[in-house]
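One structure is given here, and the rest of the page talks about it.
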Amino acid sequence: MTLDHVAILFLERGTTLYFIFRVLGRPAMPIACFLLAIGFAKTSNRKRYALRIFLTALIAELFWIYLWSMQRIEAMENVTAAFEAAGGETAYPATDTKSGLEVWFNTLTSSEQVGYTGWIIPVLNILFTFLICMGMLAVVQKIKDKFGDVMPKQFMHNLGFLGCMGGTVMVTLMICILCPLPLDYAVEAPMIVLVCYMFRDERKTMGIMLTIIALFMGTQSLYYALSTLLGVVCIYFYNGELGYDKTKHPIVRTLFYAYYPVHLAILVESRYFHEIYSNFFGR
């Protein structure tokens, strides 16, 4: 995760080092989804669990919003420079509804557009997406408690179960996608969390389904697919044992929550002072 954010803040987009850092950094997303699903299944107090994530999300957002604004500015500068190099308003005159820049941008392929803009960071960090995922898991668990599992030769029972499950997933995705403030991993995170929760005791099935999701992400970006697959490998080889006893080492859990906002704060401040230094010395 830190490598991923270092690449966004400090490395030139499109370079080999940028690609390597992002591939090595993004496995944190599927692993975090897995941890959320397992944590939801194991926690003794889901409300307190959700509250901790909510408070961490609020603190992290103070620094995350800086990443969002910075990347949008850089993307706009890249697009404007490319538009001028392509001929600007002379080559792509404005219409009644679109500027010349919009006309030119719409002529590009999806990969070309991403090449100029990068993947713009959403307004809300991934912990807000996780909160919605937890609501989805709470409903899913209620459905499982009511219907149990799929039963042989029980068509209406199975139809009701699958209908409720499918409806819950669709509502969750619609909430994430249509949220007024864009969410990080609005589609991928809910699907990975659901698979990890539903098949947490069936390692092979979970691995296959997560691989399918990773391949789907490959339609958006190669390093999305590669990094997700790396995360799936880590999840697959998890042995199911508790890594530490929180009653003996409570500081470890605190560090898990603190690391996300703290590392963002350090990186953002580093980038801020880097810009001041560069402007002052003309570098």
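Just remember, in the structure tokens the first chain shown is A, the second B, etc., residues are 1-based per chain, and ligands are 1-based in the order shown.
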Please provide the set of residues having any atom within 12 Å of segment 264-270 of chain A, restricted to only C-alpha atoms, with same-chain residues fewer than 4 positions apart removed, written as an mmCIF file with all heavy atoms, in the first residue's frame.
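So around-v4.cif came out as:
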```cif
data_model
loop_
_atom_site.group_PDB
_atom_site.id
_atom_site.type_symbol
_atom_site.label_atom_id
_atom_site.label_comp_id
_atom_site.auth_asym_id
_atom_site.auth_seq_id
_atom_site.Cartn_x
_atom_site.Cartn_y
_atom_site.Cartn_z
ATOM 1 N N MET A 1 0.834 -1.196 0.000
ATOM 2 C CA MET A 1 0.000 0.000 0.000
ATOM 3 C C MET A 1 0.868 1.245 0.000
ATOM 4 O O MET A 1 0.617 2.199 -0.745
ATOM 5 C CB MET A 1 -0.921 0.005 1.223
ATOM 6 C CG MET A 1 -1.795 1.232 1.346
ATOM 7 S SD MET A 1 -2.882 1.133 2.778
ATOM 8 C CE MET A 1 -1.682 1.114 4.113
ATOM 9 N N THR A 2 1.910 1.242 0.823
ATOM 10 C CA THR A 2 2.808 2.387 0.873
ATOM 11 C C THR A 2 3.520 2.578 -0.456
ATOM 12 O O THR A 2 3.662 3.703 -0.949
ATOM 13 C CB THR A 2 3.835 2.209 2.008
ATOM 14 O OG1 THR A 2 3.135 2.020 3.235
ATOM 15 C CG2 THR A 2 4.724 3.435 2.128
ATOM 16 N N LEU A 3 3.961 1.483 -1.064
ATOM 17 C CA LEU A 3 4.612 1.567 -2.370
ATOM 18 C C LEU A 3 3.672 2.165 -3.415
ATOM 19 O O LEU A 3 4.087 2.979 -4.252
ATOM 20 C CB LEU A 3 5.077 0.178 -2.822
ATOM 21 C CG LEU A 3 6.224 -0.459 -2.041
ATOM 22 C CD1 LEU A 3 6.480 -1.872 -2.548
ATOM 23 C CD2 LEU A 3 7.481 0.381 -2.138
ATOM 24 N N ASP A 4 2.434 1.767 -3.374
ATOM 25 C CA ASP A 4 1.436 2.277 -4.319
ATOM 26 C C ASP A 4 1.283 3.784 -4.181
ATOM 27 O O ASP A 4 1.267 4.521 -5.172
ATOM 28 C CB ASP A 4 0.102 1.567 -4.066
ATOM 29 C CG ASP A 4 -0.936 1.918 -5.111
ATOM 30 O OD1 ASP A 4 -0.601 1.936 -6.309
ATOM 31 O OD2 ASP A 4 -2.092 2.179 -4.734
ATOM 32 N N HIS A 5 1.192 4.266 -2.947
ATOM 33 C CA HIS A 5 1.005 5.696 -2.722
ATOM 34 C C HIS A 5 2.283 6.488 -2.984
ATOM 35 O O HIS A 5 2.224 7.645 -3.413
ATOM 36 C CB HIS A 5 0.502 5.925 -1.297
ATOM 37 C CG HIS A 5 -0.862 5.353 -1.064
ATOM 38 N ND1 HIS A 5 -1.328 4.988 0.179
ATOM 39 C CD2 HIS A 5 -1.866 5.070 -1.930
ATOM 40 C CE1 HIS A 5 -2.551 4.511 0.066
ATOM 41 N NE2 HIS A 5 -2.897 4.550 -1.199
ATOM 42 N N VAL A 6 3.447 5.877 -2.755
ATOM 43 C CA VAL A 6 4.711 6.522 -3.113
ATOM 44 C C VAL A 6 4.779 6.742 -4.619
ATOM 45 O O VAL A 6 5.206 7.801 -5.101
ATOM 46 C CB VAL A 6 5.908 5.672 -2.633
ATOM 47 C CG1 VAL A 6 7.207 6.143 -3.291
ATOM 48 C CG2 VAL A 6 6.043 5.758 -1.122
ATOM 49 N N ALA A 7 4.334 5.741 -5.386
ATOM 50 C CA ALA A 7 4.339 5.865 -6.847
ATOM 51 C C ALA A 7 3.442 7.014 -7.295
ATOM 52 O O ALA A 7 3.815 7.808 -8.171
ATOM 53 C CB ALA A 7 3.871 4.549 -7.477
ATOM 54 N N ILE A 8 2.254 7.114 -6.700
ATOM 55 C CA ILE A 8 1.312 8.172 -7.077
ATOM 56 C C ILE A 8 1.885 9.552 -6.764
ATOM 57 O O ILE A 8 1.755 10.496 -7.559
ATOM 58 C CB ILE A 8 -0.029 7.974 -6.348
ATOM 59 C CG1 ILE A 8 -0.724 6.708 -6.845
ATOM 60 C CG2 ILE A 8 -0.948 9.182 -6.551
ATOM 61 C CD1 ILE A 8 -1.967 6.346 -6.063
ATOM 62 N N LEU A 9 2.553 9.681 -5.620
ATOM 63 C CA LEU A 9 2.998 10.990 -5.159
ATOM 64 C C LEU A 9 4.348 11.422 -5.733
ATOM 65 O O LEU A 9 4.563 12.609 -5.966
ATOM 66 C CB LEU A 9 3.088 10.993 -3.632
ATOM 67 C CG LEU A 9 1.766 11.195 -2.890
ATOM 68 C CD1 LEU A 9 1.923 10.843 -1.419
ATOM 69 C CD2 LEU A 9 1.292 12.630 -3.034
ATOM 70 N N PHE A 10 5.254 10.476 -5.967
ATOM 71 C CA PHE A 10 6.627 10.874 -6.250
ATOM 72 C C PHE A 10 7.192 10.370 -7.579
ATOM 73 O O PHE A 10 8.213 10.897 -8.029
ATOM 74 C CB PHE A 10 7.547 10.389 -5.124
ATOM 75 C CG PHE A 10 7.238 10.999 -3.790
ATOM 76 C CD1 PHE A 10 6.555 10.274 -2.826
ATOM 77 C CD2 PHE A 10 7.615 12.303 -3.499
ATOM 78 C CE1 PHE A 10 6.265 10.828 -1.587
ATOM 79 C CE2 PHE A 10 7.323 12.862 -2.269
ATOM 80 C CZ PHE A 10 6.655 12.139 -1.310
ATOM 81 N N THR A 56 -11.329 5.789 11.622
ATOM 82 C CA THR A 56 -10.079 5.748 10.856
ATOM 83 C C THR A 56 -10.267 6.355 9.478
ATOM 84 O O THR A 56 -9.404 7.078 8.975
ATOM 85 C CB THR A 56 -9.575 4.303 10.726
ATOM 86 O OG1 THR A 56 -9.496 3.697 12.019
ATOM 87 C CG2 THR A 56 -8.205 4.260 10.071
ATOM 88 N N ALA A 57 -11.427 6.080 8.868
ATOM 89 C CA ALA A 57 -11.727 6.632 7.540
ATOM 90 C C ALA A 57 -11.788 8.147 7.580
ATOM 91 O O ALA A 57 -11.285 8.828 6.677
ATOM 92 C CB ALA A 57 -13.038 6.055 7.021
ATOM 93 N N ILE A 59 -10.298 10.233 9.703
ATOM 94 C CA ILE A 59 -8.957 10.795 9.906
ATOM 95 C C ILE A 59 -8.136 10.700 8.610
ATOM 96 O O ILE A 59 -7.474 11.654 8.192
ATOM 97 C CB ILE A 59 -8.238 10.075 11.054
ATOM 98 C CG1 ILE A 59 -9.002 10.292 12.369
ATOM 99 C CG2 ILE A 59 -6.800 10.562 11.184
ATOM 100 C CD1 ILE A 59 -8.490 9.447 13.522
ATOM 101 N N ALA A 60 -8.195 9.530 7.964
ATOM 102 C CA ALA A 60 -7.428 9.323 6.739
ATOM 103 C C ALA A 60 -7.895 10.240 5.618
ATOM 104 O O ALA A 60 -7.097 10.663 4.768
ATOM 105 C CB ALA A 60 -7.528 7.859 6.297
ATOM 106 N N GLU A 61 -9.182 10.575 5.613
ATOM 107 C CA GLU A 61 -9.736 11.409 4.541
ATOM 108 C C GLU A 61 -9.111 12.803 4.518
ATOM 109 O O GLU A 61 -9.032 13.431 3.453
ATOM 110 C CB GLU A 61 -11.257 11.516 4.696
ATOM 111 C CG GLU A 61 -11.966 12.161 3.519
ATOM 112 C CD GLU A 61 -11.852 11.360 2.232
ATOM 113 O OE1 GLU A 61 -11.556 10.149 2.302
ATOM 114 O OE2 GLU A 61 -12.063 11.947 1.158
ATOM 115 N N LEU A 62 -8.666 13.296 5.666
ATOM 116 C CA LEU A 62 -8.022 14.604 5.724
ATOM 117 C C LEU A 62 -6.801 14.657 4.811
ATOM 118 O O LEU A 62 -6.489 15.706 4.228
ATOM 119 C CB LEU A 62 -7.604 14.919 7.168
ATOM 120 C CG LEU A 62 -8.724 15.019 8.202
ATOM 121 C CD1 LEU A 62 -8.137 15.181 9.602
ATOM 122 C CD2 LEU A 62 -9.668 16.160 7.867
ATOM 123 N N PHE A 63 -6.111 13.542 4.672
ATOM 124 C CA PHE A 63 -4.914 13.483 3.840
ATOM 125 C C PHE A 63 -5.215 12.900 2.457
ATOM 126 O O PHE A 63 -4.574 13.251 1.475
ATOM 127 C CB PHE A 63 -3.842 12.658 4.551
ATOM 128 C CG PHE A 63 -3.602 13.099 5.961
ATOM 129 C CD1 PHE A 63 -4.147 12.393 7.026
ATOM 130 C CD2 PHE A 63 -2.875 14.244 6.222
ATOM 131 C CE1 PHE A 63 -3.943 12.813 8.333
ATOM 132 C CE2 PHE A 63 -2.675 14.668 7.528
ATOM 133 C CZ PHE A 63 -3.209 13.962 8.580
ATOM 134 N N TRP A 64 -6.200 12.009 2.423
ATOM 135 C CA TRP A 64 -6.581 11.402 1.141
ATOM 136 C C TRP A 64 -7.085 12.446 0.156
ATOM 137 O O TRP A 64 -6.814 12.362 -1.042
ATOM 138 C CB TRP A 64 -7.661 10.350 1.376
ATOM 139 C CG TRP A 64 -8.111 9.636 0.137
ATOM 140 C CD1 TRP A 64 -9.192 9.921 -0.634
ATOM 141 C CD2 TRP A 64 -7.469 8.516 -0.484
ATOM 142 N NE1 TRP A 64 -9.282 9.054 -1.687
ATOM 143 C CE2 TRP A 64 -8.231 8.180 -1.618
ATOM 144 C CE3 TRP A 64 -6.328 7.769 -0.174
ATOM 145 C CZ2 TRP A 64 -7.884 7.127 -2.455
ATOM 146 C CZ3 TRP A 64 -5.996 6.715 -1.013
ATOM 147 C CH2 TRP A 64 -6.773 6.414 -2.133
ATOM 148 N N ILE A 65 -7.818 13.444 0.652
ATOM 149 C CA ILE A 65 -8.385 14.467 -0.227
ATOM 150 C C ILE A 65 -7.277 15.262 -0.902
ATOM 151 O O ILE A 65 -7.444 15.779 -2.007
ATOM 152 C CB ILE A 65 -9.337 15.404 0.563
ATOM 153 C CG1 ILE A 65 -10.292 16.128 -0.390
ATOM 154 C CG2 ILE A 65 -8.581 16.386 1.408
ATOM 155 C CD1 ILE A 65 -11.326 15.214 -1.006
ATOM 156 N N TYR A 66 -6.115 15.357 -0.250
ATOM 157 C CA TYR A 66 -4.978 16.036 -0.869
ATOM 158 C C TYR A 66 -4.485 15.250 -2.076
ATOM 159 O O TYR A 66 -4.170 15.818 -3.132
ATOM 160 C CB TYR A 66 -3.849 16.217 0.142
ATOM 161 C CG TYR A 66 -2.593 16.807 -0.463
ATOM 162 C CD1 TYR A 66 -2.439 18.175 -0.596
ATOM 163 C CD2 TYR A 66 -1.560 15.978 -0.905
ATOM 164 C CE1 TYR A 66 -1.293 18.713 -1.158
ATOM 165 C CE2 TYR A 66 -0.410 16.500 -1.474
ATOM 166 C CZ TYR A 66 -0.282 17.868 -1.595
ATOM 167 O OH TYR A 66 0.844 18.389 -2.163
ATOM 168 N N LEU A 67 -4.399 13.915 -1.925
ATOM 169 C CA LEU A 67 -3.989 13.081 -3.057
ATOM 170 C C LEU A 67 -4.942 13.256 -4.223
ATOM 171 O O LEU A 67 -4.533 13.344 -5.385
ATOM 172 C CB LEU A 67 -3.947 11.603 -2.644
ATOM 173 C CG LEU A 67 -2.998 11.196 -1.524
ATOM 174 C CD1 LEU A 67 -3.038 9.685 -1.342
ATOM 175 C CD2 LEU A 67 -1.595 11.652 -1.808
ATOM 176 N N TRP A 68 -6.224 13.319 -3.904
ATOM 177 C CA TRP A 68 -7.249 13.463 -4.950
ATOM 178 C C TRP A 68 -7.078 14.785 -5.700
ATOM 179 O O TRP A 68 -7.054 14.815 -6.934
ATOM 180 C CB TRP A 68 -8.641 13.397 -4.311
ATOM 181 C CG TRP A 68 -9.751 13.731 -5.253
ATOM 182 C CD1 TRP A 68 -10.303 12.931 -6.208
ATOM 183 C CD2 TRP A 68 -10.459 14.980 -5.331
ATOM 184 N NE1 TRP A 68 -11.305 13.586 -6.870
ATOM 185 C CE2 TRP A 68 -11.429 14.849 -6.354
ATOM 186 C CE3 TRP A 68 -10.368 16.182 -4.629
ATOM 187 C CZ2 TRP A 68 -12.283 15.882 -6.703
ATOM 188 C CZ3 TRP A 68 -11.230 17.218 -4.970
ATOM 189 C CH2 TRP A 68 -12.170 17.061 -5.992
ATOM 190 N N SER A 69 -6.955 15.876 -4.961
ATOM 191 C CA SER A 69 -6.846 17.181 -5.604
ATOM 192 C C SER A 69 -5.550 17.300 -6.390
ATOM 193 O O SER A 69 -5.529 17.851 -7.498
ATOM 194 C CB SER A 69 -6.921 18.294 -4.550
ATOM 195 O OG SER A 69 -5.883 18.164 -3.596
ATOM 196 N N MET A 70 -4.452 16.757 -5.832
ATOM 197 C CA MET A 70 -3.171 16.832 -6.514
ATOM 198 C C MET A 70 -3.193 16.063 -7.831
ATOM 199 O O MET A 70 -2.722 16.533 -8.859
ATOM 200 C CB MET A 70 -2.083 16.273 -5.608
ATOM 201 C CG MET A 70 -0.683 16.352 -6.204
ATOM 202 S SD MET A 70 0.368 15.009 -5.638
ATOM 203 C CE MET A 70 -0.408 13.604 -6.432
ATOM 204 N N ASN A 125 -11.870 7.607 0.491
ATOM 205 C CA ASN A 125 -10.914 6.507 0.560
ATOM 206 C C ASN A 125 -11.628 5.163 0.736
ATOM 207 O O ASN A 125 -12.833 5.097 1.000
ATOM 208 C CB ASN A 125 -9.889 6.744 1.680
ATOM 209 C CG ASN A 125 -10.518 6.734 3.064
ATOM 210 O OD1 ASN A 125 -10.895 5.686 3.578
ATOM 211 N ND2 ASN A 125 -10.618 7.906 3.691
ATOM 212 N N ALA A 258 -3.951 2.592 12.852
ATOM 213 C CA ALA A 258 -3.249 3.876 12.773
ATOM 214 C C ALA A 258 -2.394 3.991 11.518
ATOM 215 O O ALA A 258 -2.193 5.092 11.002
ATOM 216 C CB ALA A 258 -2.377 4.071 14.014
ATOM 217 N N TYR A 259 -1.914 2.869 11.010
ATOM 218 C CA TYR A 259 -0.951 2.926 9.913
ATOM 219 C C TYR A 259 -1.515 3.624 8.682
ATOM 220 O O TYR A 259 -0.810 4.414 8.037
ATOM 221 C CB TYR A 259 -0.488 1.515 9.524
ATOM 222 C CG TYR A 259 0.611 1.546 8.490
ATOM 223 C CD1 TYR A 259 1.923 1.741 8.883
ATOM 224 C CD2 TYR A 259 0.333 1.424 7.138
ATOM 225 C CE1 TYR A 259 2.949 1.800 7.944
ATOM 226 C CE2 TYR A 259 1.337 1.491 6.194
ATOM 227 C CZ TYR A 259 2.644 1.676 6.593
ATOM 228 O OH TYR A 259 3.644 1.747 5.661
ATOM 229 N N TYR A 260 -2.757 3.376 8.364
ATOM 230 C CA TYR A 260 -3.335 3.939 7.138
ATOM 231 C C TYR A 260 -3.315 5.470 7.155
ATOM 232 O O TYR A 260 -2.721 6.098 6.262
ATOM 233 C CB TYR A 260 -4.755 3.399 6.939
ATOM 234 C CG TYR A 260 -5.388 3.800 5.634
ATOM 235 C CD1 TYR A 260 -4.825 3.424 4.422
ATOM 236 C CD2 TYR A 260 -6.559 4.562 5.610
ATOM 237 C CE1 TYR A 260 -5.406 3.792 3.220
ATOM 238 C CE2 TYR A 260 -7.140 4.929 4.413
ATOM 239 C CZ TYR A 260 -6.560 4.536 3.221
ATOM 240 O OH TYR A 260 -7.128 4.904 2.038
ATOM 241 N N HIS A 274 8.539 18.719 -0.449
ATOM 242 C CA HIS A 274 9.290 18.504 -1.688
ATOM 243 C C HIS A 274 8.948 19.589 -2.706
ATOM 244 O O HIS A 274 9.840 20.116 -3.383
ATOM 245 C CB HIS A 274 8.960 17.121 -2.256
ATOM 246 C CG HIS A 274 9.511 16.885 -3.629
ATOM 247 N ND1 HIS A 274 10.840 16.664 -3.855
ATOM 248 C CD2 HIS A 274 8.897 16.859 -4.854
ATOM 249 C CE1 HIS A 274 11.041 16.494 -5.162
ATOM 250 N NE2 HIS A 274 9.878 16.612 -5.781
ATOM 251 N N GLU A 275 7.659 19.940 -2.802
ATOM 252 C CA GLU A 275 7.249 20.988 -3.731
ATOM 253 C C GLU A 275 7.806 22.345 -3.313
ATOM 254 O O GLU A 275 8.238 23.139 -4.154
ATOM 255 C CB GLU A 275 5.723 21.041 -3.816
ATOM 256 C CG GLU A 275 5.109 19.838 -4.511
ATOM 257 C CD GLU A 275 3.596 19.924 -4.568
ATOM 258 O OE1 GLU A 275 3.025 20.822 -3.918
ATOM 259 O OE2 GLU A 275 2.994 19.092 -5.271
ATOM 260 N N ILE A 276 7.776 22.630 -2.009
ATOM 261 C CA ILE A 276 8.337 23.894 -1.522
ATOM 262 C C ILE A 276 9.836 23.979 -1.854
ATOM 263 O O ILE A 276 10.329 24.998 -2.349
ATOM 264 C CB ILE A 276 8.113 24.028 -0.006
ATOM 265 C CG1 ILE A 276 6.625 24.184 0.308
ATOM 266 C CG2 ILE A 276 8.905 25.223 0.543
ATOM 267 C CD1 ILE A 276 6.324 24.262 1.790
ATOM 268 N N TYR A 277 10.548 22.884 -1.602
ATOM 269 C CA TYR A 277 11.994 22.835 -1.879
ATOM 270 C C TYR A 277 12.254 23.029 -3.369
ATOM 271 O O TYR A 277 13.130 23.804 -3.763
ATOM 272 C CB TYR A 277 12.549 21.494 -1.403
ATOM 273 C CG TYR A 277 14.001 21.260 -1.772
ATOM 274 C CD1 TYR A 277 15.029 21.783 -0.987
ATOM 275 C CD2 TYR A 277 14.335 20.503 -2.896
ATOM 276 C CE1 TYR A 277 16.361 21.565 -1.320
ATOM 277 C CE2 TYR A 277 15.662 20.291 -3.227
ATOM 278 C CZ TYR A 277 16.665 20.812 -2.436
ATOM 279 O OH TYR A 277 17.980 20.601 -2.779
#
```
Could you give me, as a tab-separated table, a per-residue list for segment 23-124 of chain A showing, wherever an atom lies at most 12 Å from an atom of segment 201-209 of chain A, the closest pair of atoms and their distance in Å to one decimal, using only C-alpha atoms and sorting by chain then residue number from low to high?
```
residue	atom	partner	partner_atom	distance
A:Pro30	CA	A:Gly207	CA	11.5
A:Phe34	CA	A:Met206	CA	10.4
A:Ala37	CA	A:Asp201	CA	11.7
A:Ile38	CA	A:Asp201	CA	10.2
A:Ala41	CA	A:Asp201	CA	11.2
```
Identify all residues of segment 7-254 of chain A in helix (DSSP H, G or I) (DSSP on the backbone) and supply them as a ChimeraX atom specification.
-> /A:7-10,16-25,28-42,46-85,88-91,100-106,110-117,126-147,155-178,188-198,203-217,222-236,250-254
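Every protein, DNA or RNA residue with an atom at most 6 Å from Pro182 of chain A, where only C-alpha atoms count and chain neighbours fewer than 2 positions away do not, is listed here: Pro122, Val123 and Cys179 of chain A.
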Go through segment 188-247 of chain A and flag each residue having an atom no more than 10 Å from segment 132-153 of chain A; for those, report the closest pair of atoms plus their distance in Å to one decimal, using only C-alpha atoms, ordered by chain and rising number, as CSV.
```
residue,atom,partner,partner_atom,distance
A:Ala189,CA,A:Cys133,CA,7.8
A:Pro190,CA,A:Cys133,CA,5.6
A:Met191,CA,A:Cys133,CA,8.9
A:Ile192,CA,A:Cys133,CA,9.8
A:Val193,CA,A:Cys133,CA,7.0
A:Leu194,CA,A:Leu137,CA,7.1
A:Tyr197,CA,A:Leu137,CA,7.8
A:Met198,CA,A:Val140,CA,8.9
```
Just C-alpha atoms for this one: save the residues we selected as a PDB file, in the first residue's frame.
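Result file out-v9.pdb:
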```
ATOM      1  CA  ALA A 189     -14.054  -4.196  -3.204  1.00  0.00           C
ATOM      2  CA  PRO A 190     -17.668  -5.313  -2.556  1.00  0.00           C
ATOM      3  CA  MET A 191     -17.265  -8.302  -4.869  1.00  0.00           C
ATOM      4  CA  ILE A 192     -13.975  -9.408  -3.271  1.00  0.00           C
ATOM      5  CA  VAL A 193     -15.302  -8.904   0.258  1.00  0.00           C
ATOM      6  CA  LEU A 194     -18.416 -10.945  -0.536  1.00  0.00           C
ATOM      7  CA  TYR A 197     -16.858 -13.915   3.360  1.00  0.00           C
ATOM      8  CA  MET A 198     -19.030 -16.498   1.631  1.00  0.00           C
TER       9      MET A 198
END
```
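Atom to atom, atom CA of Thr80 of chain A and atom CA of Ser110 of chain A stand 17.0 Å apart.
Take atom CA of Val262 of chain A and atom CA of Pro250 of chain A: the distance between them is 18.1 Å.
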Rank nothing, just name the residue among A:Glu241, A:Thr90, A:Asn78, A:Ser99 nearest to Glu112 of chain A, using only C-alpha atoms.
-> A:Asn78
Quote the spacing between atom CA of Ile20 of chain A and atom CA of Ser227 of chain A in Å to one decimal place.
-> 9.8 Å
